[in-house]
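Reproduced below: query_27.csv, with CSV, C-alpha atoms.
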```csv
chain,number,residue,atom,x,y,z
A,242,TYR,CA,37.9,-39.7,-14.6
A,243,GLY,CA,41.2,-39.2,-13.1
A,244,SER,CA,42.7,-41.3,-10.3
A,245,LEU,CA,42.7,-39.9,-6.7
A,246,THR,CA,45.4,-37.4,-6.0
A,247,GLY,CA,45.8,-38.0,-2.3
A,248,LYS,CA,43.9,-34.9,-1.4
A,249,SER,CA,40.3,-36.1,-1.8
A,250,VAL,CA,38.0,-36.8,1.1
A,251,PHE,CA,37.5,-40.2,-0.5
A,252,ASP,CA,41.1,-41.3,-0.1
A,253,THR,CA,40.4,-43.6,2.8
A,254,VAL,CA,37.3,-45.2,1.3
A,255,GLU,CA,37.8,-48.9,0.3
A,256,GLN,CA,37.3,-49.7,-3.3
A,257,ALA,CA,33.7,-50.9,-3.9
A,258,GLU,CA,33.0,-53.9,-6.0
A,259,PHE,CA,31.6,-53.0,-9.4
A,260,ASP,CA,30.5,-55.1,-12.3
A,261,ALA,CA,29.7,-53.1,-15.4
A,262,ASP,CA,28.1,-56.1,-17.2
A,263,VAL,CA,25.6,-56.5,-14.4
A,264,LEU,CA,24.7,-52.8,-14.5
A,265,THR,CA,24.3,-52.8,-18.3
A,266,THR,CA,22.1,-55.8,-18.1
A,267,LEU,CA,19.9,-54.2,-15.4
A,268,PHE,CA,19.4,-51.1,-17.4
A,269,SER,CA,18.7,-52.9,-20.7
A,270,HIS,CA,16.0,-55.0,-19.1
A,271,SER,CA,14.4,-52.0,-17.4
A,272,GLN,CA,14.1,-50.3,-20.9
A,273,LYS,CA,12.0,-53.1,-22.3
A,274,PRO,CA,8.8,-53.7,-20.3
A,275,SER,CA,7.1,-57.0,-21.0
A,276,ALA,CA,3.8,-57.2,-22.7
A,277,LYS,CA,2.2,-58.2,-19.4
A,278,ALA,CA,3.6,-55.1,-17.8
A,279,LYS,CA,2.3,-52.9,-20.6
A,280,SER,CA,-1.1,-54.4,-20.3
A,281,ARG,CA,-1.0,-53.9,-16.5
A,282,LYS,CA,0.0,-50.2,-17.0
A,283,ARG,CA,-2.9,-49.6,-19.4
A,284,GLY,CA,-5.3,-51.1,-16.9
A,285,SER,CA,-4.1,-49.0,-14.1
A,286,PHE,CA,-5.8,-45.8,-15.3
A,287,ALA,CA,-8.9,-44.7,-13.4
A,288,ARG,CA,-12.1,-46.0,-14.8
A,289,GLN,CA,-14.1,-43.5,-16.9
A,290,GLU,CA,-16.9,-42.0,-14.9
A,291,THR,CA,-20.4,-42.1,-16.4
A,292,GLY,CA,-23.1,-39.5,-16.2
A,293,VAL,CA,-23.6,-35.9,-17.2
A,294,GLN,CA,-20.4,-33.9,-16.6
A,295,VAL,CA,-20.9,-30.2,-15.9
A,296,LEU,CA,-17.5,-29.4,-14.3
A,297,ASP,CA,-14.3,-29.6,-16.3
A,298,GLY,CA,-11.8,-32.2,-15.3
A,299,THR,CA,-9.6,-30.0,-13.1
A,300,ARG,CA,-12.5,-28.3,-11.3
A,301,ALA,CA,-14.1,-31.7,-10.6
A,302,GLN,CA,-10.9,-33.2,-9.3
A,303,ASN,CA,-10.1,-30.3,-7.0
A,304,LEU,CA,-13.6,-30.1,-5.6
A,305,ALA,CA,-13.7,-33.9,-5.1
A,306,ILE,CA,-10.4,-33.8,-3.2
A,307,ALA,CA,-11.7,-30.9,-1.0
A,308,LEU,CA,-15.0,-32.6,-0.2
A,309,SER,CA,-13.2,-35.8,0.7
A,310,ARG,CA,-11.1,-34.0,3.3
A,311,LEU,CA,-14.0,-32.2,5.1
A,312,SER,CA,-14.6,-33.1,8.7
A,313,VAL,CA,-18.3,-32.4,8.2
A,314,SER,CA,-20.8,-33.5,5.6
A,315,VAL,CA,-21.8,-31.4,2.7
A,316,PRO,CA,-25.4,-30.9,4.0
A,317,ASP,CA,-24.0,-29.8,7.4
A,318,MET,CA,-21.7,-27.3,5.7
A,319,VAL,CA,-24.5,-26.0,3.5
A,320,ASP,CA,-26.7,-25.6,6.6
A,321,PHE,CA,-24.0,-23.6,8.4
A,322,LEU,CA,-23.4,-21.3,5.5
A,323,HIS,CA,-27.1,-20.8,5.0
A,324,THR,CA,-27.7,-19.7,8.6
A,325,LEU,CA,-24.3,-18.2,9.4
A,326,ASP,CA,-25.1,-18.9,13.0
A,327,PHE,CA,-21.9,-18.3,14.8
A,328,THR,CA,-23.4,-18.9,18.3
A,329,ARG,CA,-23.2,-22.6,17.7
A,330,SER,CA,-20.3,-24.9,16.8
A,331,GLY,CA,-19.7,-25.0,13.1
A,332,PRO,CA,-17.2,-26.4,10.7
A,333,HIS,CA,-13.5,-26.0,11.4
A,334,THR,CA,-11.5,-23.2,9.9
A,335,GLU,CA,-9.6,-25.9,7.9
A,336,ASP,CA,-12.8,-27.0,6.3
A,337,MET,CA,-13.6,-23.5,5.1
A,338,GLU,CA,-10.1,-23.1,3.7
A,339,LEU,CA,-10.5,-26.3,1.8
A,340,LEU,CA,-13.5,-24.9,-0.1
A,341,LEU,CA,-12.4,-21.3,-0.6
A,342,GLY,CA,-12.4,-20.7,-4.3
A,343,LYS,CA,-13.7,-24.1,-5.2
A,344,LEU,CA,-17.5,-23.8,-4.7
A,345,PRO,CA,-19.6,-24.0,-7.9
A,346,THR,CA,-20.0,-20.8,-9.8
A,347,PRO,CA,-23.5,-19.4,-10.5
A,348,ASP,CA,-23.3,-20.7,-14.1
A,349,GLU,CA,-22.1,-24.2,-12.9
A,350,ALA,CA,-24.8,-24.3,-10.3
A,351,LYS,CA,-27.5,-23.6,-12.9
A,352,LEU,CA,-26.3,-26.4,-15.1
A,353,VAL,CA,-26.2,-28.8,-12.3
A,354,LEU,CA,-29.6,-27.9,-11.0
A,355,VAL,CA,-31.1,-28.6,-14.4
A,356,HIS,CA,-30.7,-32.3,-13.5
A,357,ALA,CA,-31.7,-31.9,-9.8
A,358,GLY,CA,-34.9,-33.8,-10.5
A,359,ALA,CA,-33.0,-36.8,-11.7
A,360,PRO,CA,-29.6,-36.7,-9.9
A,361,HIS,CA,-28.7,-40.2,-11.0
A,362,GLN,CA,-28.1,-38.8,-14.5
A,363,LEU,CA,-25.2,-36.8,-13.1
A,364,ARG,CA,-21.6,-37.8,-12.5
A,365,ASP,CA,-20.8,-38.7,-8.9
A,366,ILE,CA,-19.1,-35.3,-8.1
A,367,GLU,CA,-22.0,-33.3,-9.6
A,368,GLN,CA,-24.4,-35.3,-7.5
A,369,LYS,CA,-22.5,-34.5,-4.3
A,370,ILE,CA,-22.5,-30.7,-5.0
A,371,ILE,CA,-26.2,-30.4,-5.6
A,372,PRO,CA,-26.8,-29.0,-2.0
A,373,LEU,CA,-23.9,-26.4,-2.6
A,374,CYS,CA,-25.5,-25.4,-5.9
A,375,ARG,CA,-28.8,-24.6,-4.1
A,376,LEU,CA,-27.0,-22.3,-1.7
A,377,HIS,CA,-27.4,-18.7,-2.8
A,378,ASP,CA,-24.1,-16.6,-2.7
A,379,GLY,CA,-22.2,-19.6,-1.4
A,380,GLU,CA,-18.7,-18.3,-2.0
A,381,ILE,CA,-19.5,-14.9,-0.3
A,382,ARG,CA,-21.1,-16.7,2.7
A,383,LEU,CA,-18.0,-19.0,2.9
A,384,ARG,CA,-15.7,-16.0,3.0
A,385,ILE,CA,-17.8,-14.2,5.7
A,386,ALA,CA,-17.7,-17.4,7.8
A,387,HIS,CA,-13.9,-17.8,7.3
A,388,ILE,CA,-13.3,-14.1,8.3
A,389,ALA,CA,-15.5,-14.6,11.4
A,390,ALA,CA,-13.7,-17.8,12.4
A,391,THR,CA,-10.2,-16.3,12.0
A,392,HIS,CA,-10.9,-12.7,13.2
A,393,VAL,CA,-10.0,-13.2,16.8
A,394,ALA,CA,-6.7,-15.0,16.1
A,395,GLN,CA,-5.7,-12.5,13.4
A,396,HIS,CA,-6.5,-9.6,15.7
A,397,THR,CA,-4.4,-11.0,18.4
A,398,ARG,CA,-1.4,-11.6,16.1
A,399,LEU,CA,-1.6,-8.1,14.6
A,400,LEU,CA,-1.9,-6.5,18.1
A,401,GLU,CA,1.2,-8.4,19.2
A,402,ARG,CA,3.2,-7.3,16.1
A,403,SER,CA,2.1,-3.7,16.5
A,404,GLY,CA,3.2,-3.8,20.1
A,405,THR,CA,6.6,-5.2,19.0
A,406,LEU,CA,7.0,-2.4,16.5
A,407,GLN,CA,6.0,0.2,19.0
A,408,VAL,CA,8.7,-1.0,21.5
A,409,ALA,CA,11.3,-1.2,18.7
A,410,SER,CA,10.4,2.4,17.6
A,411,ALA,CA,10.8,3.7,21.1
A,412,GLU,CA,14.2,2.1,21.4
A,413,VAL,CA,15.3,3.6,18.2
A,414,LEU,CA,14.2,7.1,19.3
A,415,ALA,CA,15.9,6.7,22.7
A,416,SER,CA,19.3,5.4,21.4
A,417,GLY,CA,21.9,8.1,21.4
A,418,LYS,CA,24.6,5.8,20.1
A,419,LEU,CA,22.4,4.8,17.1
A,420,HIS,CA,21.8,8.5,16.3
A,421,ALA,CA,25.5,9.2,16.4
A,422,VAL,CA,26.2,6.3,14.0
A,423,LEU,CA,23.6,7.6,11.5
A,424,ARG,CA,24.9,11.1,11.7
A,425,THR,CA,28.4,9.9,11.1
A,426,ALA,CA,27.2,7.7,8.2
A,427,LEU,CA,25.6,10.7,6.6
A,428,LYS,CA,28.8,12.7,6.9
A,429,VAL,CA,30.9,9.9,5.4
A,430,ALA,CA,28.6,9.5,2.5
A,431,ASN,CA,28.4,13.3,1.8
A,432,TYR,CA,32.2,13.4,1.9
A,433,ILE,CA,32.6,10.5,-0.5
A,434,ASN,CA,30.0,11.7,-2.9
A,435,HIS,CA,30.6,15.5,-2.8
A,436,GLY,CA,34.0,16.2,-1.3
A,437,ASP,CA,34.6,18.7,1.5
A,438,SER,CA,33.8,22.4,1.9
A,439,ALA,CA,37.3,23.3,0.7
A,440,GLY,CA,36.3,22.5,-2.9
A,441,SER,CA,37.5,19.0,-3.4
A,442,SER,CA,35.1,16.9,-5.6
A,443,GLY,CA,33.6,13.7,-4.6
A,444,ALA,CA,33.2,10.3,-6.2
A,445,LYS,CA,29.4,10.2,-6.1
A,446,ALA,CA,29.6,6.5,-5.4
A,447,ILE,CA,27.4,5.8,-2.4
A,448,SER,CA,23.6,5.7,-2.3
A,449,MET,CA,22.3,6.6,1.2
A,450,ARG,CA,19.3,4.3,0.9
A,451,SER,CA,20.8,1.8,3.4
A,452,LEU,CA,23.9,1.3,5.5
A,453,PRO,CA,24.9,-1.9,3.5
A,454,ALA,CA,25.7,0.5,0.6
A,455,PHE,CA,28.8,1.4,2.6
A,456,SER,CA,30.3,-2.0,2.1
A,457,ALA,CA,30.0,-1.6,-1.7
A,458,TYR,CA,32.4,1.3,-1.7
A,459,THR,CA,35.9,-0.1,-1.4
A,460,ILE,CA,39.4,1.0,-2.0
A,461,GLY,CA,42.0,-1.8,-1.8
A,462,GLY,CA,40.9,-4.0,1.0
A,463,ALA,CA,39.0,-1.4,2.9
A,464,SER,CA,35.4,-0.2,2.6
A,465,ALA,CA,33.5,2.7,3.9
A,466,ILE,CA,31.8,0.4,6.4
A,467,ASP,CA,35.2,-0.3,8.0
A,468,TYR,CA,35.6,3.4,8.8
A,469,LEU,CA,32.1,3.7,10.1
```
Will you turn the file into structure tokens for me?
Amino acid sequence: YGSLTGKSVFDTVEQAEFDADVLTTLFSHSQKPSAKAKSRKRGSFARQETGVQVLDGTRAQNLAIALSRLSVSVPDMVDFLHTLDFTRSGPHTEDMELLLGKLPTPDEAKLVLVHAGAPHQLRDIEQKIIPLCRLHDGEIRLRIAHIAATHVAQHTRLLERSGTLQVASAEVLASGKLHAVLRTALKVANYINHGDSAGSSGAKAISMRSLPAFSAYTIGGASAIDYL
């Protein structure tokens, strides 16, 4: 690299101590892990789980993570989804969102329930989801519960947004100055694109889909937006 020219922001920085040999030695040692380190790395992998595995690896991992983060137990969640009793306190909205799209499918539930009489034969995650597998239409019930839990908040937000749009629309309709700007913009675009009534031809260079299109039409250092 070249030396500083006197115009760099680093001109006033003092020269740092640097030993290339130390750096080379550091990198060379980091590239050759010891046999002990290799052995430790091999032993760091998670132990292989035993038992019948119905879910594939990704499904099992995602479901296990979701269940571990629930603020309620799986039986309590199943009881709530079975009754759909919204008059009593149920799982939090966050709990439902954790499980959306992750509940056992009907085919997976059937395969798990084959071993329901001897759950110890199953892998740990399959044992935990047995109550969920016994729940009929679990995913549909979960979505209904989630809609019920979030309806009031969503309704309030949508009402506020609709009110804001209504106010903004009223201001647009009442703004005489804005109307004048839009009429002028249309005249400018028509002139540039088609010329005037005297017969001069236009450039057909502006699309009137939006006002920013005016800035794209430039001659020298000026654009149509400058005139507008």
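Picture a line from atom CA of A:Gly462 to atom CA of A:Ile433; it runs 16.8 Å.
For the set A:Val295, A:Val429, A:Ala386, A:Leu400, the residue with the smallest atom-to-atom gap to A:Val355 is A:Val295, counting only C-alpha atoms.
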- Would you list the contacts of A:Lys351 as a count of residues only, taking every protein, DNA or RNA residue within 12 Å and counting all atoms listed in the file, but skipping same-chain residues closer than 3 positions in sequence? 18
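The space between atom CA of A:Gly436 and atom CA of A:Asp467 spans 19.0 Å.
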- Message: I'd like the interatomic distance between atom CA of A:Ser312 and atom CA of A:His396, to a tenth of an Å.
- Response: 25.8 Å
- Message: Need the shell around A:Val293: protein/DNA/RNA residues with any atom at most 8 Å away, counting all atoms listed in the file. Skip same-chain ones fewer than 5 positions apart. Format as JSON, numbers by chain?
- Response: {"A": [362, 363, 364]}
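Residue nearest A:Leu352 within the list A:Ile466, A:Leu399, A:Phe455, A:Gln368: A:Gln368 [criterion: smallest interatomic distance, all atoms listed in the file].
Distances from A:Ala305, A:Leu427, A:Leu311, A:Leu340 to A:Leu383 were compared using only C-alpha atoms, and the smallest one belongs to A:Leu340.
Here the question is which of A:Asp326, A:Lys343, A:Ala426, A:Leu469 gets nearest to A:Ile381 using all atoms listed in the file, and that residue is A:Lys343.
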